[in-house]
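Dropping model.txt in here (compact mmCIF, C-alpha atoms (C1' of nucleotides) and all ligand atoms):
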# COMPACT_ATOMS: atom_id res chain seq x y z
CA MET A 1 55.07 -292.49 -95.26
CA PRO A 2 54.23 -288.95 -96.38
CA ARG A 3 51.61 -287.16 -94.37
CA SER A 4 48.87 -285.66 -96.41
CA HIS A 5 47.29 -282.23 -96.20
CA SER A 6 44.44 -283.24 -98.43
CA THR A 7 41.03 -284.05 -97.09
CA HIS A 8 40.62 -287.12 -99.24
CA HIS A 9 42.97 -290.02 -99.27
CA HIS A 10 42.95 -291.14 -102.84
CA PRO A 11 45.59 -289.53 -105.00
CA PRO A 12 44.30 -288.72 -108.48
CA HIS A 13 45.08 -291.48 -110.92
CA ALA A 14 45.12 -291.02 -114.68
CA ASP A 15 41.56 -292.17 -115.10
CA ASP A 16 40.09 -290.80 -111.92
CA ALA A 17 36.50 -289.70 -112.24
CA GLU A 18 37.00 -286.27 -110.72
CA PRO A 19 38.66 -283.41 -112.60
CA PHE A 20 42.31 -282.64 -112.23
CA THR A 21 43.21 -279.78 -109.94
CA LEU A 22 46.48 -278.07 -109.17
CA GLU A 23 46.43 -279.67 -105.73
CA GLY A 24 45.69 -283.14 -107.03
CA LEU A 25 48.34 -282.99 -109.70
CA THR A 26 50.83 -281.63 -107.22
CA GLU A 27 50.15 -284.55 -104.95
CA SER A 28 50.53 -286.96 -107.86
CA LEU A 29 54.00 -285.65 -108.52
CA ARG A 30 54.96 -285.49 -104.85
CA SER A 31 53.94 -289.07 -104.30
CA LYS A 32 56.47 -290.09 -106.91
CA GLY A 33 59.28 -288.27 -105.17
CA LEU A 34 59.10 -285.43 -107.67
CA ARG A 35 59.11 -281.77 -106.68
CA MET A 36 56.66 -278.99 -107.18
CA THR A 37 58.40 -275.91 -108.51
CA GLY A 38 57.36 -272.52 -109.77
CA ASN A 39 57.86 -273.66 -113.33
CA ARG A 40 55.81 -276.76 -112.91
CA ARG A 41 53.02 -274.99 -111.12
CA ALA A 42 52.85 -272.42 -113.89
CA ILE A 43 52.83 -275.08 -116.59
CA LEU A 44 50.09 -277.02 -114.85
CA GLN A 45 47.99 -273.89 -114.49
CA VAL A 46 48.34 -273.20 -118.18
CA LEU A 47 47.20 -276.73 -118.95
CA LEU A 48 44.30 -276.57 -116.52
CA GLN A 49 43.09 -273.38 -118.19
CA ALA A 50 43.50 -274.62 -121.74
CA GLU A 51 40.43 -275.06 -123.92
CA GLU A 52 42.36 -276.84 -126.64
CA PRO A 53 45.64 -278.70 -127.08
CA LEU A 54 48.71 -276.52 -126.68
CA GLY A 55 52.15 -276.65 -128.27
CA LEU A 56 55.31 -276.41 -126.21
CA GLU A 57 55.90 -272.82 -127.23
CA GLN A 58 52.37 -271.83 -126.34
CA ILE A 59 52.70 -273.48 -122.96
CA GLN A 60 56.00 -271.73 -122.44
CA SER A 61 54.75 -268.29 -123.36
CA GLU A 62 51.49 -268.56 -121.45
CA ALA A 63 53.33 -269.76 -118.39
CA VAL A 64 54.58 -266.22 -117.93
CA ARG A 65 51.20 -265.24 -116.52
CA TYR A 66 51.55 -267.65 -113.65
CA ALA A 67 55.22 -267.30 -112.87
CA ARG A 68 56.42 -264.87 -110.22
CA GLY A 69 58.75 -262.35 -111.79
CA GLY A 70 57.23 -262.96 -115.20
CA GLU A 71 60.02 -265.27 -116.26
CA THR A 72 59.33 -267.91 -118.87
CA PRO A 73 60.52 -271.42 -118.12
CA ASP A 74 63.16 -272.67 -120.50
CA PHE A 75 61.90 -274.54 -123.52
CA ALA A 76 63.71 -277.68 -122.39
CA THR A 77 61.98 -277.40 -119.05
CA VAL A 78 58.59 -277.32 -120.69
CA PHE A 79 59.61 -280.23 -122.87
CA ARG A 80 60.73 -282.30 -119.90
CA MET A 81 57.65 -281.47 -117.90
CA MET A 82 55.35 -282.61 -120.69
CA ALA A 83 57.38 -285.77 -121.20
CA LEU A 84 57.00 -286.40 -117.50
CA LEU A 85 53.26 -285.82 -117.45
CA GLU A 86 52.89 -288.06 -120.47
CA GLU A 87 54.91 -290.77 -118.77
CA LEU A 88 52.65 -290.55 -115.73
CA LYS A 89 49.60 -290.62 -118.01
CA LEU A 90 48.54 -287.25 -116.68
CA ALA A 91 48.79 -285.63 -120.09
CA ARG A 92 48.45 -286.80 -123.67
CA LYS A 93 50.02 -285.86 -126.93
CA VAL A 94 47.37 -284.92 -129.49
CA ASN A 95 47.79 -285.52 -133.20
CA LEU A 96 46.84 -282.39 -135.09
CA GLY A 97 48.63 -283.33 -138.26
CA ARG A 98 51.29 -280.71 -137.60
CA ALA A 99 55.03 -281.02 -137.44
CA SER A 100 55.19 -280.19 -133.73
CA SER A 101 53.41 -281.77 -130.79
CA PHE A 102 50.36 -280.58 -128.92
CA PHE A 103 49.26 -281.60 -125.45
CA GLU A 104 46.22 -281.74 -123.23
CA LEU A 105 45.61 -282.99 -119.70
CA ALA A 106 44.40 -286.58 -119.59
CA ASP A 107 41.13 -286.06 -117.76
CA SER A 108 37.63 -285.96 -119.14
CA ARG A 109 37.38 -282.23 -118.54
CA HIS A 110 40.13 -281.68 -121.08
CA HIS A 111 39.79 -284.61 -123.43
CA ARG A 112 38.15 -283.67 -126.71
CA ASP A 113 38.13 -285.06 -130.17
CA HIS A 114 39.09 -282.49 -132.79
CA LEU A 115 38.30 -281.24 -136.21
CA VAL A 116 41.33 -279.84 -137.98
CA CYS A 117 41.43 -277.87 -141.20
CA THR A 118 44.19 -279.34 -143.31
CA ASP A 119 44.46 -276.04 -145.12
CA CYS A 120 44.59 -273.26 -142.54
CA GLY A 121 45.22 -275.41 -139.47
CA THR A 122 42.21 -274.26 -137.47
CA VAL A 123 41.48 -276.62 -134.58
CA THR A 124 37.89 -277.07 -133.44
CA PRO A 125 37.35 -279.09 -130.27
CA LEU A 126 34.21 -281.16 -130.84
CA GLU A 127 31.43 -280.63 -128.35
CA GLU A 128 29.78 -283.97 -129.02
CA SER A 129 30.49 -286.51 -126.33
CA CYS A 130 33.31 -288.80 -127.30
CA PRO A 131 31.91 -291.62 -129.44
CA VAL A 132 34.55 -294.22 -128.70
CA GLU A 133 35.04 -293.98 -124.96
CA THR A 134 32.96 -297.08 -124.35
CA LEU A 135 34.94 -298.94 -126.98
CA GLU A 136 38.11 -298.54 -124.96
CA ARG A 137 37.04 -301.12 -122.41
CA GLN A 138 35.86 -303.60 -125.02
CA ILE A 139 39.08 -303.31 -126.94
CA ALA A 140 41.15 -303.56 -123.79
CA ARG A 141 39.43 -306.79 -122.79
CA LYS A 142 39.37 -308.31 -126.25
CA HIS A 143 43.07 -307.72 -126.92
CA GLY A 144 44.37 -308.08 -123.41
CA TYR A 145 45.52 -304.51 -123.15
CA THR A 146 45.54 -302.27 -120.10
CA GLN A 147 45.54 -298.49 -119.71
CA VAL A 148 43.81 -298.01 -123.02
CA THR A 149 43.32 -294.46 -124.23
CA HIS A 150 42.61 -293.12 -127.67
CA SER A 151 43.20 -290.34 -130.12
CA LEU A 152 40.43 -289.33 -132.51
CA GLU A 153 40.82 -286.49 -134.96
CA PHE A 154 38.88 -285.46 -138.02
CA PHE A 155 40.63 -283.67 -140.86
CA GLY A 156 39.04 -281.68 -143.66
CA ARG A 157 38.76 -278.28 -145.32
CA CYS A 158 36.90 -275.57 -143.48
CA GLY A 159 34.33 -273.34 -145.14
CA ASP A 160 36.71 -270.40 -145.44
CA CYS A 161 39.36 -272.49 -147.12
CA SER A 162 36.86 -274.09 -149.48
CA THR A 163 35.57 -270.83 -150.96
CA GLY A 164 37.86 -269.68 -153.72
CA SER A 165 40.10 -272.64 -154.39
CA PRO A 166 37.86 -275.44 -155.67
CA SER A 167 40.71 -277.93 -155.13
CA MET B 1 43.65 -287.71 -175.54
CA PRO B 2 45.26 -290.81 -174.07
CA ARG B 3 43.91 -294.12 -175.25
CA SER B 4 42.92 -296.38 -172.43
CA HIS B 5 43.59 -300.04 -171.94
CA SER B 6 41.13 -300.25 -169.09
CA THR B 7 37.66 -301.60 -169.54
CA HIS B 8 35.96 -298.94 -167.45
CA HIS B 9 36.09 -295.23 -168.06
CA HIS B 10 35.88 -293.65 -164.64
CA PRO B 11 39.18 -292.81 -163.02
CA PRO B 12 39.27 -293.73 -159.32
CA HIS B 13 38.70 -290.78 -157.02
CA ALA B 14 39.80 -290.64 -153.38
CA ASP B 15 36.50 -291.88 -152.06
CA ASP B 16 35.60 -294.23 -154.84
CA ALA B 17 33.63 -297.23 -153.75
CA GLU B 18 35.86 -299.77 -155.45
CA PRO B 19 39.26 -300.80 -154.15
CA PHE B 20 42.40 -299.18 -155.36
CA THR B 21 44.35 -301.10 -157.95
CA LEU B 22 47.69 -300.52 -159.57
CA GLU B 23 45.91 -299.68 -162.79
CA GLY B 24 43.46 -297.29 -161.18
CA LEU B 25 46.14 -295.48 -159.23
CA THR B 26 48.31 -295.28 -162.31
CA GLU B 27 45.47 -293.67 -164.19
CA SER B 28 44.89 -291.22 -161.32
CA LEU B 29 48.45 -290.03 -161.60
CA ARG B 30 48.48 -289.97 -165.39
CA SER B 31 45.36 -287.86 -165.50
CA LYS B 32 47.19 -285.22 -163.51
CA GLY B 33 50.04 -285.11 -165.98
CA LEU B 34 52.23 -287.15 -163.67
CA ARG B 35 54.32 -290.10 -164.84
CA MET B 36 54.32 -293.72 -163.90
CA THR B 37 57.84 -294.90 -163.20
CA GLY B 38 59.45 -298.03 -161.90
CA ASN B 39 59.90 -296.44 -158.51
CA ARG B 40 56.32 -295.35 -158.27
CA ARG B 41 54.94 -298.65 -159.43
CA ALA B 42 57.04 -300.46 -156.84
CA ILE B 43 55.94 -298.10 -154.07
CA LEU B 44 52.31 -298.48 -155.01
CA GLN B 45 52.61 -302.25 -155.03
CA VAL B 46 54.11 -302.18 -151.56
CA LEU B 47 51.22 -300.05 -150.36
CA LEU B 48 48.61 -302.22 -152.02
CA GLN B 49 50.07 -305.28 -150.31
CA ALA B 50 50.37 -303.69 -146.89
CA GLU B 51 48.28 -305.03 -144.05
CA GLU B 52 49.21 -302.16 -141.75
CA PRO B 53 50.61 -298.64 -141.99
CA LEU B 54 54.18 -298.46 -143.23
CA GLY B 55 57.02 -296.08 -142.50
CA LEU B 56 59.07 -294.51 -145.26
CA GLU B 57 61.99 -296.83 -144.61
CA GLN B 58 59.77 -299.89 -144.69
CA ILE B 59 58.26 -298.76 -147.96
CA GLN B 60 61.70 -298.13 -149.34
CA SER B 61 63.11 -301.50 -148.34
CA GLU B 62 60.08 -303.49 -149.40
CA ALA B 63 60.04 -301.76 -152.73
CA VAL B 64 63.09 -303.79 -153.67
CA ARG B 65 60.86 -306.80 -154.28
CA TYR B 66 58.98 -305.01 -157.01
CA ALA B 67 61.77 -303.10 -158.66
CA ARG B 68 63.61 -304.50 -161.65
CA GLY B 69 67.26 -304.87 -160.82
CA GLY B 70 66.50 -304.99 -157.12
CA GLU B 71 67.39 -301.35 -156.62
CA THR B 72 65.78 -299.43 -153.80
CA PRO B 73 64.34 -296.05 -154.62
CA ASP B 74 66.04 -293.19 -152.84
CA PHE B 75 64.56 -292.20 -149.52
CA ALA B 76 63.72 -288.75 -150.87
CA THR B 77 61.88 -290.39 -153.73
CA VAL B 78 59.73 -292.38 -151.35
CA PHE B 79 59.15 -289.24 -149.31
CA ARG B 80 58.08 -287.26 -152.34
CA MET B 81 55.85 -290.02 -153.60
CA MET B 82 54.02 -290.25 -150.28
CA ALA B 83 53.68 -286.48 -150.09
CA LEU B 84 52.19 -286.63 -153.55
CA LEU B 85 49.73 -289.39 -152.74
CA GLU B 86 48.72 -287.55 -149.59
CA GLU B 87 48.17 -284.37 -151.57
CA LEU B 88 45.96 -286.26 -154.00
CA LYS B 89 44.13 -287.86 -151.06
CA LEU B 90 45.14 -291.26 -152.29
CA ALA B 91 47.09 -292.02 -149.11
CA ARG B 92 46.90 -290.94 -145.48
CA LYS B 93 49.39 -290.37 -142.74
CA VAL B 94 48.56 -292.47 -139.69
CA ASN B 95 49.33 -291.41 -136.14
CA LEU B 96 51.00 -294.25 -134.30
CA GLY B 97 52.45 -292.12 -131.56
CA ARG B 98 55.92 -292.52 -133.02
CA ALA B 99 58.45 -289.95 -134.04
CA SER B 100 58.28 -290.85 -137.71
CA SER B 101 55.32 -291.03 -140.06
CA PHE B 102 53.37 -294.04 -141.23
CA PHE B 103 51.15 -294.29 -144.26
CA GLU B 104 48.28 -296.31 -145.68
CA LEU B 105 46.27 -296.08 -148.88
CA ALA B 106 43.10 -294.03 -148.49
CA ASP B 107 40.57 -296.65 -149.52
CA SER B 108 38.31 -298.73 -147.34
CA ARG B 109 40.32 -301.86 -148.09
CA HIS B 110 43.28 -300.32 -146.31
CA HIS B 111 41.73 -298.01 -143.77
CA ARG B 112 41.81 -299.44 -140.28
CA ASP B 113 41.74 -298.05 -136.81
CA HIS B 114 44.66 -299.26 -134.72
CA LEU B 115 45.65 -300.44 -131.30
CA VAL B 116 49.20 -299.51 -130.44
CA CYS B 117 51.26 -300.74 -127.50
CA THR B 118 52.94 -297.71 -126.01
CA ASP B 119 55.59 -299.99 -124.59
CA CYS B 120 56.79 -302.30 -127.36
CA GLY B 121 55.22 -300.46 -130.28
CA THR B 122 53.18 -303.39 -131.61
CA VAL B 123 50.51 -302.22 -134.02
CA THR B 124 47.26 -304.18 -134.24
CA PRO B 125 44.85 -303.21 -137.00
CA LEU B 126 41.36 -303.47 -135.54
CA GLU B 127 38.99 -305.79 -137.31
CA GLU B 128 35.86 -304.11 -136.01
CA SER B 129 34.20 -301.92 -138.59
CA CYS B 130 35.14 -298.30 -138.15
CA PRO B 131 32.88 -296.75 -135.51
CA VAL B 132 33.13 -293.15 -136.66
CA GLU B 133 32.75 -293.36 -140.42
CA THR B 134 29.14 -292.23 -140.25
CA LEU B 135 30.11 -289.36 -138.01
CA GLU B 136 32.27 -287.90 -140.75
CA ARG B 137 29.28 -286.75 -142.74
CA GLN B 138 27.49 -285.31 -139.73
CA ILE B 139 30.56 -283.39 -138.67
CA ALA B 140 31.22 -282.19 -142.18
CA ARG B 141 27.70 -280.80 -142.48
CA LYS B 142 27.53 -279.34 -138.99
CA HIS B 143 30.84 -277.48 -139.26
CA GLY B 144 30.78 -276.70 -142.95
CA TYR B 145 33.79 -278.82 -143.75
CA THR B 146 34.46 -280.81 -146.90
CA GLN B 147 36.68 -283.80 -147.60
CA VAL B 148 36.46 -284.97 -144.02
CA THR B 149 38.56 -287.96 -143.03
CA HIS B 150 39.64 -289.18 -139.65
CA SER B 151 42.36 -290.81 -137.64
CA LEU B 152 41.42 -293.09 -134.75
CA GLU B 153 44.03 -294.87 -132.70
CA PHE B 154 43.92 -296.63 -129.36
CA PHE B 155 46.99 -296.72 -127.17
CA GLY B 156 47.69 -299.03 -124.26
CA ARG B 157 49.95 -301.74 -122.86
CA CYS B 158 49.81 -305.15 -124.44
CA GLY B 159 49.64 -308.35 -122.41
CA ASP B 160 53.31 -309.17 -122.93
CA CYS B 161 54.41 -305.77 -121.76
CA SER B 162 52.13 -305.88 -118.73
CA THR B 163 53.50 -309.11 -117.28
CA GLY B 164 56.57 -308.38 -115.24
CA SER B 165 56.56 -304.62 -114.85
CA PRO B 166 53.45 -303.76 -112.80
CA SER B 167 53.22 -300.41 -114.52
C1' DC C 1 63.99 -295.42 -183.76
C1' DC C 2 65.24 -290.49 -182.62
C1' DT C 3 64.24 -286.09 -180.59
C1' DT C 4 62.43 -283.12 -177.34
C1' DC C 5 60.90 -281.43 -172.94
C1' DA C 6 59.07 -281.64 -168.65
C1' DA C 7 58.70 -284.74 -164.89
C1' DT C 8 61.43 -287.48 -161.89
C1' DT C 9 65.49 -289.07 -159.36
C1' DG C 10 69.58 -289.36 -156.43
C1' DC C 11 72.55 -287.08 -153.60
C1' DA C 12 73.81 -284.02 -150.28
C1' DA C 13 72.83 -280.15 -147.74
C1' DA C 14 69.44 -277.51 -145.01
C1' DC C 15 65.81 -277.44 -141.72
C1' DG C 16 63.01 -277.61 -137.74
C1' DA C 17 61.59 -280.04 -133.85
C1' DT C 18 63.02 -282.88 -130.27
C1' DT C 19 66.25 -284.65 -126.97
C1' DT C 20 70.32 -284.75 -124.01
C1' DG C 21 74.82 -283.60 -121.19
C1' DC C 22 76.36 -280.82 -117.93
C1' DT C 23 76.65 -277.51 -114.21
C1' DA C 24 74.48 -274.35 -111.22
C1' DC C 25 70.36 -273.90 -108.63
C1' DA C 26 66.66 -274.80 -105.38
C1' DA C 27 62.85 -277.73 -103.00
C1' DA C 28 62.02 -280.51 -99.14
C1' DG C 29 63.27 -282.95 -95.10
C1' DC C 30 66.06 -282.86 -90.97
C1' DG D 1 70.65 -273.55 -91.70
C1' DC D 2 72.52 -277.81 -93.87
C1' DT D 3 72.19 -281.74 -96.85
C1' DT D 4 70.36 -284.35 -100.34
C1' DT D 5 68.78 -284.92 -104.74
C1' DG D 6 65.56 -283.41 -108.07
C1' DT D 7 65.27 -279.50 -111.41
C1' DA D 8 66.46 -275.58 -114.60
C1' DG D 9 68.96 -273.28 -118.00
C1' DC D 10 72.00 -273.30 -121.77
C1' DA D 11 74.08 -275.13 -125.62
C1' DA D 12 75.12 -278.88 -128.40
C1' DA D 13 73.62 -283.16 -130.51
C1' DT D 14 70.22 -285.85 -132.73
C1' DC D 15 66.56 -287.17 -135.64
C1' DG D 16 63.07 -287.08 -139.00
C1' DT D 17 61.78 -284.33 -142.63
C1' DT D 18 62.27 -281.26 -146.61
C1' DT D 19 64.59 -279.01 -150.50
C1' DG D 20 68.09 -277.39 -154.35
C1' DC D 21 70.18 -278.90 -158.15
C1' DA D 22 72.21 -281.46 -161.89
C1' DA D 23 71.65 -285.81 -164.20
C1' DT D 24 68.25 -289.06 -165.80
C1' DT D 25 64.19 -290.83 -167.84
C1' DG D 26 59.15 -291.23 -169.33
C1' DA D 27 56.32 -290.58 -173.03
C1' DA D 28 54.55 -287.88 -176.82
C1' DG D 29 55.57 -286.85 -181.54
C1' DG D 30 58.08 -287.07 -185.61
MN MN E 201 37.63 -289.12 -127.71
MN MN E 202 38.32 -295.38 -138.77
ZN ZN E 203 40.69 -273.72 -143.11
ZN ZN E 204 53.69 -304.30 -125.82
Would you mind writing the structure in this file as C-alpha cells?
Amino acid sequence: MPRSHSTHHHPPHADDAEPFTLEGLTESLRSKGLRMTGNRRAILQVLLQAEEPLGLEQIQSEAVRYARGGETPDFATVFRMMALLEELKLARKVNLGRASSFFELADSRHHRDHLVCTDCGTVTPLEESCPVETLERQIARKHGYTQVTHSLEFFGRCGDCSTGSPS
Amino acid sequence: MPRSHSTHHHPPHADDAEPFTLEGLTESLRSKGLRMTGNRRAILQVLLQAEEPLGLEQIQSEAVRYARGGETPDFATVFRMMALLEELKLARKVNLGRASSFFELADSRHHRDHLVCTDCGTVTPLEESCPVETLERQIARKHGYTQVTHSLEFFGRCGDCSTGSPS
DNA sequence: CCTTCAATTGCAAACGATTTGCTACAAAGC
DNA sequence: GCTTTGTAGCAAATCGTTTGCAATTGAAGG
C-alpha cells in the first residue's frame, strides 16, 4: 500500500465537499497508478486558476506560465489529460454551443452555469447558486442512476449584439 | 400577397404558445420567402413525431417514411434544413454529450430536459416540468439579454450499466 | 399548361476538431 | 543508477460538419 504524505486520509473523490487542490488532485492520480508530470501539474494549475471553462488551446497556451523552461505541452497531451480527468470525473466538458470543447474542474468551486451569447460568443458564468443541484439526487433516485451531474447553459443575444441588428 | 388556407392569421413565432404544426411551420418558412419541398415536409414530420432529440442520420433515415417514392433526402439537405430551423429559432441543438449533434423542435411540446447515461448512451426525456424556465426571464433582464433559451441535461450511470462494473 | 427565376438539392470535396499509433522519454520504486 | 511502465511529442488518421457548384424544382405569372 502507498504511504501517504498528506495529513488527511481521504483522497478527494469527484463529489468531495472540499475544494480541489493541486495536492489532492495529484494524490487522486497517483492512487490510480498514474504519474504526476510537469505537463500535468501545469495543466492542473491552469484549471485551478480558471474562472470560466477553457478550451484545449487555451489550456495549452496558459500552461506555459507554470511549466519550467516555458515549454507548452503538446496539444495531444492536453487532450489526453482532459480525457483522463473527465474519465475520473475530476473535470467536465461544458457545452458552450461552440464547435470545440471547453472544460472545467468538477468541484463546486469551479462549477457554474453559463450564459452564452449566440452572436458574439461571450460567456458569462452565472453568480446565482445552481438551481438544479438538489434535483440531481431526486433524479438519481427516481431513475436509478448513480454519479449524476448536470450541464445547464442559457443562450441568448447580449445587449451589444442586440443594438443595431434587430434580428 | 399569398392567400391563406389556414383559419387563423397569425404565423407561429418561435415562442408561440400553441404547438407547432406542419401547417404553421410551413407558413413560417413561406413568410421568409423560403419554399416548402418534399424533403422539408418529411423532415418536419419526423421532428413533429419525435419523442426525443434526433441526430441528423436518424432524421434522414426516418424521413423515408414521409417521402413519396421512399427516397431519403441527402445528408447535406438534412444538415442545411436543421441549420435553417435553428437560425429561425424553430429548432434547437441539444447537448447529449456525444460527438454529433441532436435536435428538437423549439416548442414546449418538444422541449424536455434529459437524463443521459454516460456509459450506454441511453437518453431519458424527463417528465418533470422544466425547473429553469422561469429563470430565463430573470436572467434575460438581469444581464440585458434577449431571446434567452436554455439547455439542461443530467448525466450519470443507469442501473443496467452500474450492475457488474463497480465504477 | 408553359415560362421564368430564385431557392433547393445531391454529390463530392474541403474543413476543423478530435483521436490514435508509434517511438523516444522520463517518473517512481528498488 | 537501473528497471519498469506510464507519458509526451509528432504526424497521420478519423470523424462530424460545412461548402462549392451544377442540375433540379417550387411556385408565381402569363
Ligand atoms: Mn449547475
Ligand atoms: Mn428545460
Ligand atoms: Zn453578444
Ligand atoms: Zn447505461
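The residue set within 12 Å of Thr134 (chain A), counting all atoms listed in the file and dropping same-chain residues fewer than 5 places from it, reads Ser129, Ile139, Ala140, Arg141, Val148, Thr149 and His150 of chain A; Pro131 of chain B.
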For this session: Tell me, in Å to one decimal, how far CA of Gln60 (chain B) is from CA of Glu127 (chain B).
Result: 26.8 Å
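Going from CA of Leu56 (chain A) to CA of Arg157 (chain B) covers 26.1 Å.
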Exercise. Once you count all atoms listed in the file, which residues end up within 9 Å of ligand ZN 204 (chain E), and could you hand them over as a PyMOL selection string?
Worked result: (chain A and resi 145) or (chain B and resi 116-122+156-162)
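With the cut-off set to 6 Å and only C-alpha atoms (C1' of nucleotides) and all ligand atoms counted, the residues surrounding ligand MN 202 (chain E) are Arg112, Asp113, Cys130 and Leu152 of chain B.
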Show me a table, sorted first by chain and then by increasing residue number, of the residues of chain C having an atom at most 12 Å from region 64-74 of chain B, each with its shortest atom pair and the distance in Å to one decimal, counting only C-alpha atoms (C1' of nucleotides) and written as CSV.
residue,atom,partner,partner_atom,distance
C:DT8,C1',B:Pro73,CA,11.6
C:DT9,C1',B:Asp74,CA,7.7
C:DG10,C1',B:Asp74,CA,6.3
C:DC11,C1',B:Asp74,CA,9.0
Grab the residues selected above and save them as a tab-separated table (two decimals), in the coordinates of the input with C-alpha atoms (C1' of nucleotides).
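The file below, result27.tsv, is the result:
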chain	number	residue	atom	x	y	z
C	8	DT	C1'	61.43	-287.48	-161.89
C	9	DT	C1'	65.49	-289.07	-159.36
C	10	DG	C1'	69.58	-289.36	-156.43
C	11	DC	C1'	72.55	-287.08	-153.60
For this session: Just the residues within 12 Å of DC22 (chain C), please, counting all atoms listed in the file, with nothing from its chain fewer than 5 positions along; format it as a list in words.
Result: DA8, DG9, DC10, DA11 and DA12 of chain D
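In plain terms, chain C touches chain A through C:DG16, C:DA17, C:DT18, C:DT19, C:DT20, C:DA26, C:DA27, C:DA28, C:DG29, where touching means an atom at most 12 Å away, counting all atoms listed in the file.
Counting from CA of His110 (chain B), the distance to CA of Glu27 (chain B) is 19.2 Å.
Residues in contact with DA27 (chain D) at 12 Å, where only C-alpha atoms (C1' of nucleotides) are counted and same-chain residues fewer than 2 positions away are skipped, are listed as Pro2, Arg30, Gly33, Leu34, Arg35, Met36 and Thr37 of chain B; DT3, DT4, DC5, DA6 and DA7 of chain C; DT25 and DG29 of chain D.
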Can I get the selected residues back with C-alpha atoms (C1' of nucleotides), as a compact mmCIF listing (two decimals), in the frame of the given file?
# COMPACT_ATOMS: atom_id res chain seq x y z
CA PRO B 2 45.26 -290.81 -174.07
CA ARG B 30 48.48 -289.97 -165.39
CA GLY B 33 50.04 -285.11 -165.98
CA LEU B 34 52.23 -287.15 -163.67
CA ARG B 35 54.32 -290.10 -164.84
CA MET B 36 54.32 -293.72 -163.90
CA THR B 37 57.84 -294.90 -163.20
C1' DT C 3 64.24 -286.09 -180.59
C1' DT C 4 62.43 -283.12 -177.34
C1' DC C 5 60.90 -281.43 -172.94
C1' DA C 6 59.07 -281.64 -168.65
C1' DA C 7 58.70 -284.74 -164.89
C1' DT D 25 64.19 -290.83 -167.84
C1' DG D 29 55.57 -286.85 -181.54
Could you give me region 33-45 of chain A completed to N, CA, C and O atoms, formatted as a compact mmCIF listing (two decimals), keeping the file's coordinate frame?
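In the end it all went to out07.txt:
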# COMPACT_ATOMS: atom_id res chain seq x y z
N GLY A 33 57.97 -288.77 -105.55
CA GLY A 33 59.28 -288.27 -105.17
C GLY A 33 59.71 -287.09 -106.03
O GLY A 33 60.86 -286.64 -105.97
N LEU A 34 58.79 -286.58 -106.81
CA LEU A 34 59.10 -285.43 -107.67
C LEU A 34 58.75 -284.14 -106.95
O LEU A 34 57.97 -284.15 -106.00
N ARG A 35 59.31 -283.04 -107.39
CA ARG A 35 59.11 -281.77 -106.68
C ARG A 35 58.21 -280.80 -107.40
O ARG A 35 58.16 -280.75 -108.62
N MET A 36 57.49 -280.03 -106.60
CA MET A 36 56.66 -278.99 -107.18
C MET A 36 57.45 -277.69 -107.18
O MET A 36 57.90 -277.23 -106.14
N THR A 37 57.61 -277.14 -108.37
CA THR A 37 58.40 -275.91 -108.51
C THR A 37 57.55 -274.83 -109.14
O THR A 37 56.44 -275.09 -109.61
N GLY A 38 58.09 -273.61 -109.16
CA GLY A 38 57.36 -272.52 -109.77
C GLY A 38 57.06 -272.81 -111.23
O GLY A 38 55.94 -272.61 -111.70
N ASN A 39 58.05 -273.31 -111.92
CA ASN A 39 57.86 -273.66 -113.33
C ASN A 39 56.73 -274.67 -113.52
O ASN A 39 55.85 -274.48 -114.35
N ARG A 40 56.80 -275.69 -112.74
CA ARG A 40 55.81 -276.76 -112.91
C ARG A 40 54.42 -276.29 -112.56
O ARG A 40 53.44 -276.63 -113.23
N ARG A 41 54.33 -275.50 -111.49
CA ARG A 41 53.02 -274.99 -111.12
C ARG A 41 52.46 -274.14 -112.25
O ARG A 41 51.29 -274.28 -112.63
N ALA A 42 53.29 -273.30 -112.81
CA ALA A 42 52.85 -272.42 -113.89
C ALA A 42 52.39 -273.23 -115.10
O ALA A 42 51.34 -272.98 -115.68
N ILE A 43 53.17 -274.23 -115.44
CA ILE A 43 52.83 -275.08 -116.59
C ILE A 43 51.51 -275.80 -116.35
O ILE A 43 50.63 -275.84 -117.23
N LEU A 44 51.34 -276.32 -115.16
CA LEU A 44 50.09 -277.02 -114.85
C LEU A 44 48.91 -276.07 -114.92
O LEU A 44 47.84 -276.42 -115.42
N GLN A 45 49.10 -274.85 -114.44
CA GLN A 45 47.99 -273.89 -114.49
C GLN A 45 47.62 -273.55 -115.93
O GLN A 45 46.45 -273.42 -116.25
